[in-house]
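K.L.:
Quick one, protein-v5.pdb (PDB, C-alpha atoms and all ligand atoms):
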```
ATOM      1  CA  MET Y   3     141.018 208.394 -33.905
ATOM      2  CA  THR Y   4     141.258 204.639 -33.401
ATOM      3  CA  SER Y   5     144.388 202.756 -34.300
ATOM      4  CA  VAL Y   6     142.473 199.953 -35.994
ATOM      5  CA  ASP Y   7     143.073 199.614 -39.732
ATOM      6  CA  LEU Y   8     139.695 198.285 -40.837
ATOM      7  CA  THR Y   9     140.821 197.521 -44.368
ATOM      8  CA  ALA Y  10     143.719 195.414 -43.123
ATOM      9  CA  LEU Y  11     141.452 193.740 -40.600
ATOM     10  CA  ALA Y  12     138.793 192.917 -43.208
ATOM     11  CA  ALA Y  13     141.460 191.339 -45.414
ATOM     12  CA  ARG Y  14     142.204 188.814 -42.652
ATOM     13  CA  LEU Y  15     138.549 187.827 -42.185
ATOM     14  CA  PRO Y  16     135.855 186.033 -44.179
ATOM     15  CA  PRO Y  17     132.865 188.014 -45.474
ATOM     16  CA  ARG Y  18     130.336 188.832 -42.713
ATOM     17  CA  PRO Y  19     132.751 187.774 -39.944
ATOM     18  CA  LEU Y  20     131.384 186.623 -36.603
ATOM     19  CA  THR Y  21     132.538 188.272 -33.393
ATOM     20  CA  ARG Y  22     131.128 187.865 -29.917
ATOM     21  CA  PHE Y  23     130.062 189.669 -26.784
ATOM     22  CA  ALA Y  24     130.570 187.164 -23.979
ATOM     23  CA  PRO Y  25     129.849 188.477 -20.492
ATOM     24  CA  SER Y  26     129.644 186.396 -17.317
ATOM     25  CA  PRO Y  27     126.390 186.999 -15.449
ATOM     26  CA  THR Y  28     128.160 187.299 -12.094
ATOM     27  CA  GLY Y  29     126.946 190.826 -11.397
ATOM     28  CA  TYR Y  30     125.313 193.807 -13.057
ATOM     29  CA  LEU Y  31     126.704 195.394 -16.193
ATOM     30  CA  HIS Y  32     129.012 198.358 -15.696
ATOM     31  CA  LEU Y  33     130.581 200.865 -18.023
ATOM     32  CA  GLY Y  34     133.489 198.487 -18.699
ATOM     33  CA  HIS Y  35     131.072 195.989 -20.253
ATOM     34  CA  VAL Y  36     129.495 198.788 -22.273
ATOM     35  CA  ALA Y  37     132.928 199.770 -23.560
ATOM     36  CA  ASN Y  38     133.521 196.202 -24.713
ATOM     37  CA  ALA Y  39     130.082 196.158 -26.348
ATOM     38  CA  VAL Y  40     130.824 199.435 -28.151
ATOM     39  CA  TRP Y  41     133.982 197.914 -29.626
ATOM     40  CA  VAL Y  42     132.338 194.562 -30.437
ATOM     41  CA  TRP Y  43     129.243 195.992 -32.124
ATOM     42  CA  GLY Y  44     131.111 198.926 -33.656
ATOM     43  CA  VAL Y  45     133.816 196.811 -35.316
ATOM     44  CA  ALA Y  46     131.271 194.167 -36.382
ATOM     45  CA  ARG Y  47     128.973 196.740 -37.993
ATOM     46  CA  ALA Y  48     131.877 198.606 -39.633
ATOM     47  CA  LEU Y  49     132.988 195.296 -41.193
ATOM     48  CA  GLY Y  50     129.485 194.209 -42.185
ATOM     49  CA  GLY Y  51     129.861 191.395 -39.679
ATOM     50  CA  ARG Y  52     127.712 189.699 -37.060
ATOM     51  CA  VAL Y  53     127.664 189.680 -33.258
ATOM     52  CA  LEU Y  54     127.092 186.569 -31.180
ATOM     53  CA  LEU Y  55     125.922 186.946 -27.588
ATOM     54  CA  ARG Y  56     127.306 184.181 -25.400
ATOM     55  CA  LEU Y  57     126.554 183.888 -21.709
ATOM     56  CA  GLU Y  58     129.687 182.652 -19.974
ATOM     57  CA  ASP Y  59     128.126 181.106 -16.899
ATOM     58  CA  HIS Y  60     130.314 177.988 -16.695
ATOM     59  CA  ASP Y  61     131.127 178.918 -13.098
ATOM     60  CA  LEU Y  62     127.743 178.175 -11.572
ATOM     61  CA  ARG Y  63     128.936 179.139  -8.103
ATOM     62  CA  ARG Y  64     129.230 182.765  -9.187
ATOM     63  CA  CYS Y  65     126.479 183.218 -11.793
ATOM     64  CA  ARG Y  66     122.875 184.128 -10.991
ATOM     65  CA  PRO Y  67     119.719 183.944 -13.155
ATOM     66  CA  THR Y  68     118.736 187.399 -11.898
ATOM     67  CA  HIS Y  69     122.002 188.787 -13.259
ATOM     68  CA  GLU Y  70     121.388 187.123 -16.619
ATOM     69  CA  ALA Y  71     117.890 188.605 -16.872
ATOM     70  CA  ALA Y  72     119.247 192.042 -15.935
ATOM     71  CA  LEU Y  73     122.073 191.721 -18.465
ATOM     72  CA  LEU Y  74     119.645 190.964 -21.314
ATOM     73  CA  GLU Y  75     117.426 193.839 -20.238
ATOM     74  CA  ASP Y  76     120.359 196.264 -20.091
ATOM     75  CA  LEU Y  77     121.512 195.254 -23.584
ATOM     76  CA  GLU Y  78     117.998 195.820 -24.875
ATOM     77  CA  TRP Y  79     117.942 199.238 -23.187
ATOM     78  CA  LEU Y  80     121.276 200.113 -24.832
ATOM     79  CA  GLY Y  81     119.826 199.064 -28.204
ATOM     80  CA  LEU Y  82     122.405 196.303 -28.678
ATOM     81  CA  GLU Y  83     120.727 193.362 -30.394
ATOM     82  CA  PRO Y  84     122.914 190.352 -31.223
ATOM     83  CA  ASP Y  85     122.602 188.611 -34.592
ATOM     84  CA  VAL Y  86     123.300 185.152 -33.161
ATOM     85  CA  GLY Y  87     122.101 184.115 -29.694
ATOM     86  CA  THR Y  88     119.407 186.791 -29.790
ATOM     87  CA  LEU Y  89     117.874 188.253 -26.658
ATOM     88  CA  ALA Y  90     114.565 186.514 -27.452
ATOM     89  CA  GLU Y  91     116.301 183.167 -27.975
ATOM     90  CA  LEU Y  92     118.224 183.397 -24.724
ATOM     91  CA  ARG Y  93     115.106 184.427 -22.832
ATOM     92  CA  ALA Y  94     113.152 181.498 -24.285
ATOM     93  CA  GLY Y  95     115.214 178.879 -22.446
ATOM     94  CA  ALA Y  96     118.057 176.471 -23.205
ATOM     95  CA  SER Y  97     120.460 177.771 -25.840
ATOM     96  CA  PRO Y  98     123.768 176.644 -27.365
ATOM     97  CA  TYR Y  99     124.985 180.163 -26.533
ATOM     98  CA  ARG Y 100     124.710 179.690 -22.770
ATOM     99  CA  GLN Y 101     127.634 177.715 -21.329
ATOM    100  CA  SER Y 102     125.564 176.046 -18.607
ATOM    101  CA  ASP Y 103     123.352 174.548 -21.344
ATOM    102  CA  ALA Y 104     126.312 173.162 -23.286
ATOM    103  CA  GLY Y 105     126.220 169.882 -21.360
ATOM    104  CA  GLU Y 106     128.687 167.333 -22.642
ATOM    105  CA  THR Y 107     130.387 169.780 -24.999
ATOM    106  CA  TYR Y 108     133.308 170.399 -22.662
ATOM    107  CA  THR Y 109     133.675 166.741 -21.694
ATOM    108  CA  SER Y 110     133.914 165.679 -25.326
ATOM    109  CA  ALA Y 111     136.333 168.531 -26.032
ATOM    110  CA  LEU Y 112     138.498 167.304 -23.165
ATOM    111  CA  GLU Y 113     138.499 163.803 -24.675
ATOM    112  CA  ARG Y 114     139.536 165.286 -28.010
ATOM    113  CA  LEU Y 115     142.296 167.282 -26.364
ATOM    114  CA  ALA Y 116     143.583 164.343 -24.309
ATOM    115  CA  ALA Y 117     143.783 162.219 -27.458
ATOM    116  CA  ARG Y 118     146.148 164.729 -29.042
ATOM    117  CA  ALA Y 119     148.113 166.193 -26.143
ATOM    118  CA  PRO Y 120     149.290 165.156 -22.668
ATOM    119  CA  VAL Y 121     146.719 166.009 -20.015
ATOM    120  CA  PHE Y 122     147.627 165.118 -16.441
ATOM    121  CA  VAL Y 123     145.981 165.044 -13.031
ATOM    122  CA  CYS Y 124     146.980 167.755 -10.554
ATOM    123  CA  ASP Y 125     146.006 167.820  -6.912
ATOM    124  CA  CYS Y 126     147.604 171.173  -6.055
ATOM    125  CA  SER Y 127     145.402 173.655  -4.272
ATOM    126  CA  ARG Y 128     145.789 177.348  -4.921
ATOM    127  CA  ARG Y 129     147.219 177.510  -1.421
ATOM    128  CA  ASP Y 130     149.842 174.819  -2.194
ATOM    129  CA  LEU Y 131     150.901 176.760  -5.255
ATOM    130  CA  ALA Y 132     150.929 180.095  -3.482
ATOM    131  CA  LEU Y 133     153.203 178.594  -0.825
ATOM    132  CA  ALA Y 134     155.416 177.020  -3.461
ATOM    133  CA  GLU Y 135     155.743 180.315  -5.257
ATOM    134  CA  GLY Y 136     155.981 182.336  -2.081
ATOM    135  CA  ASP Y 137     153.274 184.683  -3.256
ATOM    136  CA  VAL Y 138     149.663 184.794  -4.397
ATOM    137  CA  PHE Y 139     148.706 182.356  -7.124
ATOM    138  CA  ASP Y 140     146.525 183.667  -9.925
ATOM    139  CA  GLU Y 141     146.043 183.308 -13.695
ATOM    140  CA  GLU Y 142     149.413 184.877 -14.405
ATOM    141  CA  THR Y 143     151.435 182.835 -11.937
ATOM    142  CA  ARG Y 144     153.385 180.092 -13.622
ATOM    143  CA  TYR Y 145     152.408 176.592 -12.528
ATOM    144  CA  PRO Y 146     155.651 175.100 -11.220
ATOM    145  CA  GLY Y 147     155.007 171.629 -12.679
ATOM    146  CA  ARG Y 148     154.661 169.882  -9.350
ATOM    147  CA  CYS Y 149     152.318 167.100 -10.610
ATOM    148  CA  ARG Y 150     153.679 166.780 -14.135
ATOM    149  CA  ASP Y 151     155.377 163.442 -13.604
ATOM    150  CA  ARG Y 152     153.480 162.117 -10.619
ATOM    151  CA  ALA Y 153     151.007 160.121 -12.767
ATOM    152  CA  LEU Y 154     148.188 160.690 -10.297
ATOM    153  CA  ALA Y 155     144.903 158.891 -10.911
ATOM    154  CA  ALA Y 156     141.920 161.148 -11.564
ATOM    155  CA  GLY Y 157     139.507 161.435  -8.684
ATOM    156  CA  PRO Y 158     137.313 163.796  -6.738
ATOM    157  CA  GLY Y 159     139.157 166.917  -5.682
ATOM    158  CA  HIS Y 160     141.717 166.645  -8.476
ATOM    159  CA  GLY Y 161     142.204 169.092 -11.307
ATOM    160  CA  LEU Y 162     143.355 168.494 -14.888
ATOM    161  CA  ARG Y 163     146.163 170.287 -16.659
ATOM    162  CA  LEU Y 164     147.479 170.370 -20.192
ATOM    163  CA  ARG Y 165     151.233 169.854 -20.374
ATOM    164  CA  VAL Y 166     152.658 172.904 -22.107
ATOM    165  CA  GLU Y 167     156.116 172.656 -23.679
ATOM    166  CA  PRO Y 168     158.247 175.713 -24.499
ATOM    167  CA  GLY Y 169     157.256 177.309 -27.791
ATOM    168  CA  THR Y 170     156.332 180.689 -29.225
ATOM    169  CA  GLU Y 171     152.830 181.602 -30.346
ATOM    170  CA  ARG Y 172     152.877 184.517 -32.790
ATOM    171  CA  PHE Y 173     149.844 186.586 -33.680
ATOM    172  CA  ILE Y 174     149.019 190.019 -35.006
ATOM    173  CA  ASP Y 175     146.648 191.944 -32.786
ATOM    174  CA  ALA Y 176     144.405 194.106 -34.957
ATOM    175  CA  ARG Y 177     145.173 197.159 -32.834
ATOM    176  CA  LEU Y 178     148.458 196.446 -31.060
ATOM    177  CA  GLY Y 179     150.351 194.745 -33.876
ATOM    178  CA  PRO Y 180     152.618 191.664 -33.787
ATOM    179  CA  ARG Y 181     152.954 189.820 -30.491
ATOM    180  CA  GLU Y 182     154.828 186.763 -29.267
ATOM    181  CA  HIS Y 183     153.793 184.646 -26.302
ATOM    182  CA  ASP Y 184     155.418 181.581 -24.793
ATOM    183  CA  PRO Y 185     152.656 180.039 -22.653
ATOM    184  CA  SER Y 186     155.107 177.628 -21.002
ATOM    185  CA  ALA Y 187     156.966 180.628 -19.567
ATOM    186  CA  GLN Y 188     153.831 182.646 -18.781
ATOM    187  CA  CYS Y 189     151.423 180.244 -17.111
ATOM    188  CA  GLY Y 190     153.041 176.833 -17.548
ATOM    189  CA  ASP Y 191     150.824 173.751 -17.691
ATOM    190  CA  LEU Y 192     147.345 175.058 -18.318
ATOM    191  CA  LEU Y 193     144.505 174.275 -15.923
ATOM    192  CA  ILE Y 194     141.574 172.774 -17.850
ATOM    193  CA  ARG Y 195     139.292 171.706 -15.022
ATOM    194  CA  ASP Y 196     139.747 172.785 -11.422
ATOM    195  CA  ARG Y 197     139.687 170.703  -8.246
ATOM    196  CA  LEU Y 198     135.962 171.345  -7.816
ATOM    197  CA  GLY Y 199     135.211 169.962 -11.283
ATOM    198  CA  GLN Y 200     134.614 173.380 -12.878
ATOM    199  CA  TRP Y 201     135.888 174.001 -16.387
ATOM    200  CA  THR Y 202     138.281 176.926 -16.424
ATOM    201  CA  TYR Y 203     137.567 180.164 -18.244
ATOM    202  CA  GLN Y 204     140.492 179.534 -20.613
ATOM    203  CA  PHE Y 205     139.244 176.115 -21.662
ATOM    204  CA  ALA Y 206     135.546 176.985 -21.951
ATOM    205  CA  VAL Y 207     136.181 180.109 -23.997
ATOM    206  CA  VAL Y 208     138.426 178.327 -26.506
ATOM    207  CA  VAL Y 209     135.974 175.428 -26.887
ATOM    208  CA  ASP Y 210     133.145 177.934 -27.402
ATOM    209  CA  ASP Y 211     134.982 180.140 -29.897
ATOM    210  CA  LEU Y 212     135.694 176.976 -31.884
ATOM    211  CA  ARG Y 213     132.190 175.453 -31.767
ATOM    212  CA  HIS Y 214     130.564 178.830 -32.487
ATOM    213  CA  GLN Y 215     133.052 179.469 -35.309
ATOM    214  CA  VAL Y 216     134.020 182.900 -34.025
ATOM    215  CA  ASP Y 217     136.278 184.675 -36.544
ATOM    216  CA  LEU Y 218     137.188 187.765 -34.549
ATOM    217  CA  VAL Y 219     137.698 188.169 -30.801
ATOM    218  CA  VAL Y 220     137.272 191.783 -29.634
ATOM    219  CA  ARG Y 221     138.039 192.167 -25.946
ATOM    220  CA  GLY Y 222     139.808 194.261 -23.335
ATOM    221  CA  GLU Y 223     143.566 194.521 -22.970
ATOM    222  CA  ASP Y 224     143.382 192.742 -19.615
ATOM    223  CA  LEU Y 225     143.023 189.490 -21.591
ATOM    224  CA  LEU Y 226     145.915 190.163 -23.975
ATOM    225  CA  GLU Y 227     148.360 187.937 -22.095
ATOM    226  CA  SER Y 228     146.082 184.897 -22.376
ATOM    227  CA  THR Y 229     146.004 185.025 -26.185
ATOM    228  CA  GLY Y 230     148.992 182.752 -26.836
ATOM    229  CA  ARG Y 231     147.691 179.989 -24.582
ATOM    230  CA  GLN Y 232     144.246 180.235 -26.214
ATOM    231  CA  ILE Y 233     145.757 179.945 -29.691
ATOM    232  CA  LEU Y 234     147.739 176.896 -28.547
ATOM    233  CA  LEU Y 235     144.696 175.295 -26.940
ATOM    234  CA  GLY Y 236     142.536 175.964 -29.997
ATOM    235  CA  ARG Y 237     145.074 174.313 -32.269
ATOM    236  CA  LEU Y 238     145.263 171.249 -30.013
ATOM    237  CA  LEU Y 239     141.457 171.070 -30.112
ATOM    238  CA  GLY Y 240     141.630 170.912 -33.898
ATOM    239  CA  ARG Y 241     141.118 174.533 -34.876
ATOM    240  CA  ALA Y 242     142.682 175.056 -38.330
ATOM    241  CA  ALA Y 243     143.353 178.803 -37.965
ATOM    242  CA  ALA Y 244     143.180 180.941 -34.829
ATOM    243  CA  PRO Y 245     140.609 183.730 -34.686
ATOM    244  CA  VAL Y 246     141.853 187.268 -35.224
ATOM    245  CA  PHE Y 247     142.288 189.125 -31.931
ATOM    246  CA  LEU Y 248     141.655 192.794 -31.247
ATOM    247  CA  HIS Y 249     142.380 194.071 -27.736
ATOM    248  CA  HIS Y 250     140.951 197.457 -26.828
ATOM    249  CA  PRO Y 251     141.828 199.907 -24.025
ATOM    250  CA  LEU Y 252     140.166 199.458 -20.648
ATOM    251  CA  ILE Y 253     138.336 202.107 -18.707
ATOM    252  CA  ARG Y 254     140.440 202.967 -15.712
ATOM    253  CA  LYS Y 255     139.312 204.567 -12.492
ATOM    254  CA  PRO Y 256     141.138 207.810 -11.658
ATOM    255  CA  SER Y 257     143.315 205.661  -9.375
ATOM    256  CA  GLY Y 258     144.340 203.552 -12.393
ATOM    257  CA  ALA Y 259     142.499 200.469 -11.121
ATOM    258  CA  LYS Y 260     140.280 198.397 -13.372
ATOM    259  CA  LEU Y 261     136.519 198.820 -13.037
ATOM    260  CA  SER Y 262     135.057 196.084 -10.876
ATOM    261  CA  LYS Y 263     131.890 194.055 -11.111
ATOM    262  CA  SER Y 264     130.375 195.951  -8.240
ATOM    263  CA  GLY Y 265     130.391 198.967 -10.527
ATOM    264  CA  GLY Y 266     129.496 201.671  -8.059
ATOM    265  CA  ASP Y 267     128.962 204.904  -9.942
ATOM    266  CA  THR Y 268     129.578 203.193 -13.276
ATOM    267  CA  GLY Y 269     126.903 200.502 -12.941
ATOM    268  CA  ILE Y 270     124.395 200.611 -15.810
ATOM    269  CA  ARG Y 271     121.500 200.218 -13.368
ATOM    270  CA  GLU Y 272     122.696 203.300 -11.485
ATOM    271  CA  LEU Y 273     123.224 205.306 -14.675
ATOM    272  CA  ARG Y 274     119.709 204.417 -15.841
ATOM    273  CA  ALA Y 275     118.246 205.365 -12.480
ATOM    274  CA  ALA Y 276     120.078 208.698 -12.665
ATOM    275  CA  GLY Y 277     118.369 209.470 -15.986
ATOM    276  CA  VAL Y 278     121.347 208.816 -18.271
ATOM    277  CA  LEU Y 279     120.200 207.915 -21.807
ATOM    278  CA  PRO Y 280     121.464 204.812 -23.658
ATOM    279  CA  GLU Y 281     123.297 206.900 -26.260
ATOM    280  CA  GLU Y 282     124.969 208.894 -23.469
ATOM    281  CA  ALA Y 283     126.211 205.680 -21.808
ATOM    282  CA  LEU Y 284     127.515 204.389 -25.158
ATOM    283  CA  GLY Y 285     129.137 207.748 -25.959
ATOM    284  CA  ARG Y 286     130.810 207.896 -22.561
ATOM    285  CA  ALA Y 287     132.191 204.355 -22.915
ATOM    286  CA  ALA Y 288     133.449 205.159 -26.430
ATOM    287  CA  HIS Y 289     135.177 208.300 -25.168
ATOM    288  CA  LEU Y 290     136.803 206.571 -22.204
ATOM    289  CA  THR Y 291     138.312 203.909 -24.489
ATOM    290  CA  GLY Y 292     139.696 206.396 -27.003
ATOM    291  CA  LEU Y 293     137.050 206.165 -29.712
ATOM    292  CA  GLN Y 294     136.018 209.820 -29.589
ATOM    293  CA  ARG Y 295     137.575 212.950 -28.199
ATOM    294  CA  ARG Y 296     134.518 214.035 -26.251
ATOM    295  CA  PRO Y 297     131.812 211.967 -24.529
ATOM    296  CA  GLU Y 298     129.225 212.816 -27.175
ATOM    297  CA  PRO Y 299     126.136 210.617 -27.333
ATOM    298  CA  VAL Y 300     126.236 207.780 -29.886
ATOM    299  CA  ALA Y 301     123.210 205.638 -30.724
ATOM    300  CA  ALA Y 302     123.712 201.869 -30.960
ATOM    301  CA  ALA Y 303     122.830 202.030 -34.652
ATOM    302  CA  ASP Y 304     125.694 204.501 -35.260
ATOM    303  CA  LEU Y 305     128.562 202.660 -33.545
ATOM    304  CA  ALA Y 306     130.188 201.740 -36.874
ATOM    305  CA  LYS Y 307     130.892 205.440 -37.447
ATOM    306  CA  LEU Y 308     133.388 205.418 -34.566
ATOM    307  CA  PHE Y 309     135.527 203.056 -36.621
ATOM    308  CA  ALA Y 310     134.785 204.054 -40.180
ATOM    309  CA  ALA Y 311     136.471 207.450 -39.718
ATOM    310  CA  GLY Y 312     139.798 205.689 -39.063
TER
HETATM  311 ZN    ZN S 401     149.807 170.038  -9.273
END
```
Kindly present the structure from the file in structure tokens form.
Ligand SMILES: [Zn+2]

P.N.:
Amino acid sequence: MTSVDLTALAARLPPRPLTRFAPSPTGYLHLGHVANAVWVWGVARALGGRVLLRLEDHDLRRCRPTHEAALLEDLEWLGLEPDVGTLAELRAGASPYRQSDAGETYTSALERLAARAPVFVCDCSRRDLALAEGDVFDEETRYPGRCRDRALAAGPGHGLRLRVEPGTERFIDARLGPREHDPSAQCGDLLIRDRLGQWTYQFAVVVDDLRHQVDLVVRGEDLLESTGRQILLGRLLGRAAAPVFLHHPLIRKPSGAKLSKSGGDTGIRELRAAGVLPEEALGRAAHLTGLQRRPEPVAAADLAKLFAAG
């Protein structure tokens, strides 16, 4: 009952393609993460591919070692073992699959980017931009270009942006079909490093998907709109061909809101404590994202079946 054509998808990928599960350890896993895992592992197994586990803890202000340990334990409980960046490897210590261990990777990627594209210094605070735009400023608010031509010198408290010129990025989502994005109209000049010196999610994820040679990105529809800017950024970083993207449905609360990190009744810890079995959690997540008509239990080893049926 999925709308993913596996044969068409396989034709766009190398043999044994690599996809990734890339959570941020900023809280405990909830059913939304499980849904993403079901899609990631299910599609990978149905294609004969591999899963990379990457810990996206570049924002050290928000990530906690206790959350990482709990995340690895919950994945083990669910029966989801990665092929690359294994649970044992990540538990053993420093790993190339943990962003906070990647050291100079992002600095050298920035140098590579700046050599090929205009990167400029921006001293706008979120508050400045919110005032300028008369509203809240978030990922989907277009940067108005205030610092573009100011030629500010880099310094503490300054951010870095990539100058983004008008242009259309075209891609074919493996579930949603052809899409066109113009990042200059969506987000404008892309923030690479923020005023506190933190790499942005957009930059870190593109650098990582390139250095880890990820072929297929399977993620929730909430990230669909950032695809064009990530394709653009990847190309400027020297990526020959963009990964294939597959955006899956999100689990919505009855109110229509997205599930939050705090989880509440959908937190995996709470489900475990209530006696829910791993295959029941996986089956529920599969059902809530349209992979099966009823919330029947599905073992981790059987996730490919959700896709193979077409
Ligand atoms: Zn600015």

K.L.:
Using the chain letters and numbers from this file, what does the PyMOL selection byres (((not hetatm)) within 9 of (chain S and resi 401)) select? Give the answer as a PyMOL selection string.

P.N.:
chain Y and resi 122-127+130-131+145-150+152+160-163

K.L.:
Run through the PyMOL selection byres (((chain Y and resi 199) around 9) and not hetatm) on the given coordinates and return the selected residues as a list in words.

P.N.:
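This file, filtered by the PyMOL selection byres (((chain Y and resi 199) around 9) and not hetatm), leaves Pro158, Gly159, His160, Gly161, Arg195, Asp196, Arg197, Leu198, Gln200 and Trp201 of chain Y.
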
K.L.:
Any chance you could resolve the PyMOL selection byres (((chain Y and resi 296) around 12) and not hetatm) against this file and give the residues as a PyMOL selection string?

P.N.:
chain Y and resi 3+282+284-295+297-300

K.L.:
Using only C-alpha atoms, which residue out of Y:Pro17, Y:Pro120, Y:Gly190, Y:Gly34 lies closest to Glu223 (chain Y)?

P.N.:
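That would be Y:Gly34, the residue with the smallest distance to Glu223 (chain Y).
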
K.L.:
Distance table requested - region 55-128 of chain Y against region 240-255 of chain Y, cut-off 10 Å, only C-alpha atoms: one row per qualifying residue with the closest atom pair and its distance in Å to one decimal, ordered by chain and rising residue number, as a tab-separated table.

P.N.:
```
residue	atom	partner	partner_atom	distance
Y:Ala111	CA	Y:Gly240	CA	9.8
Y:Arg114	CA	Y:Gly240	CA	8.4
Y:Leu115	CA	Y:Gly240	CA	8.4
Y:Arg118	CA	Y:Gly240	CA	9.1
```

K.L.:
Got time to write the residues from that selection, C-alpha atoms, as a PDB file, in the frame of the given file?

P.N.:
```pdb
ATOM      1  CA  ALA Y 111     136.333 168.531 -26.032  1.00  0.00           C
ATOM      2  CA  ARG Y 114     139.536 165.286 -28.010  1.00  0.00           C
ATOM      3  CA  LEU Y 115     142.296 167.282 -26.364  1.00  0.00           C
ATOM      4  CA  ARG Y 118     146.148 164.729 -29.042  1.00  0.00           C
TER       5      ARG Y 118
END
```

K.L.:
Could you tell me how far CA of Ala119 (chain Y) lies from CA of Leu226 (chain Y), in Å and to one decimal?

P.N.:
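Computing the Euclidean distance for CA of Ala119 (chain Y) and CA of Leu226 (chain Y) yields 24.2 Å.
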
K.L.:
Enter the distance from CA of Pro67 (chain Y) to CA of Leu89 (chain Y), in Å, rounded to one decimal.

P.N.:
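The value is 14.3 Å.
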
K.L.:
As a ChimeraX atom specification, please: the residues near His69 (chain Y) (cut-off 12 Å, only C-alpha atoms, same-chain neighbours under 5 positions excluded).

P.N.:
/Y:25-31,57-59,64,74-76,263,271

K.L.:
Within 6 Å of Ala301 (chain Y), counting only C-alpha atoms, which residues show up once you throw out same-chain ones fewer than 2 positions away? Write them as number ranges by chain, please.

P.N.:
Y: 281, 303-304

K.L.:
Could you please determine the separation between CA of Arg47 (chain Y) and CA of Glu91 (chain Y) in Å, to one decimal place?

P.N.:
21.1 Å

K.L.:
Name the closest residue to Ala176 (chain Y) among the candidates Y:Val219, Y:Val53, Y:Ile270, Y:Ala39; distances are taken between atoms, counting only C-alpha atoms.

P.N.:
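The shortest atom-to-atom distance to Ala176 (chain Y) comes from Y:Val219.
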
K.L.:
Just want the 12 Å neighbourhood of Asp7 (chain Y), counted on only C-alpha atoms, with same-chain residues fewer than 6 positions away dropped. Output as number ranges by chain.

P.N.:
Y: 13-14, 45, 48-49, 175-179, 248, 309-312

K.L.:
Please produce an output containing C-alpha atoms for each residue in the selection, written as a tab-separated table (two decimals), keeping the file's coordinate frame.

P.N.:
```tsv
chain	number	residue	atom	x	y	z
Y	13	ALA	CA	141.46	191.34	-45.41
Y	14	ARG	CA	142.20	188.81	-42.65
Y	45	VAL	CA	133.82	196.81	-35.32
Y	48	ALA	CA	131.88	198.61	-39.63
Y	49	LEU	CA	132.99	195.30	-41.19
Y	175	ASP	CA	146.65	191.94	-32.79
Y	176	ALA	CA	144.40	194.11	-34.96
Y	177	ARG	CA	145.17	197.16	-32.83
Y	178	LEU	CA	148.46	196.45	-31.06
Y	179	GLY	CA	150.35	194.74	-33.88
Y	248	LEU	CA	141.66	192.79	-31.25
Y	309	PHE	CA	135.53	203.06	-36.62
Y	310	ALA	CA	134.78	204.05	-40.18
Y	311	ALA	CA	136.47	207.45	-39.72
Y	312	GLY	CA	139.80	205.69	-39.06
```

K.L.:
Give, as JSON, the centre coordinates and the x, y and z edge lengths in Å to one decimal for an axis-aligned box around all listed atoms of region 201-211 of chain Y, padded by 8 Å on each side.

P.N.:
```
{"center_x": 136.8, "center_y": 177.1, "center_z": -23.1, "size_x": 23.3, "size_y": 22.2, "size_z": 29.5}
```

K.L.:
Identify which of the residues Y:Gly44, Y:Ser102, Y:Ala156, Y:Val36 lies closest to Asp61 (chain Y), counting only C-alpha atoms when measuring atom-to-atom distances.

P.N.:
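Among the listed residues, Y:Ser102 lies closest to Asp61 (chain Y).
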
K.L.:
Residues at most 9 Å from Leu112 (chain Y), counting all atoms listed in the file, excluding those fewer than 3 positions away in the same chain, as a PyMOL selection string?

P.N.:
chain Y and resi 107-109+115-117+121+194+205+239

K.L.:
I'd like to know which of Y:Leu73, Y:Ala46, Y:Leu279, Y:Leu238 is closest to Glu113 (chain Y), using all atoms listed in the file.

P.N.:
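Ranking Y:Leu73, Y:Ala46, Y:Leu279, Y:Leu238 by distance to Glu113 (chain Y), first place goes to Y:Leu238.
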
K.L.:
Give me the residues near Pro19 (chain Y) as a VMD selection string, where near means some atom within 8 Å (using only C-alpha atoms) and where sequence neighbours in that chain fewer than 4 positions away do not count.

P.N.:
chain Y and resid 15 46 49 to 52 216 to 218

K.L.:
So which residues fall inside 6 Å of (129.5, 189.2, -25.8) if we count all atoms listed in the file? Mind giving them as a ChimeraX atom specification?

P.N.:
/Y:22-25,55-56

K.L.:
Y:Asp191, Y:Ala10, Y:Glu171, Y:His214: which is nearest Thr229 (chain Y), counting all atoms listed in the file?

P.N.:
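Under the stated criterion, the closest residue is Y:Glu171.
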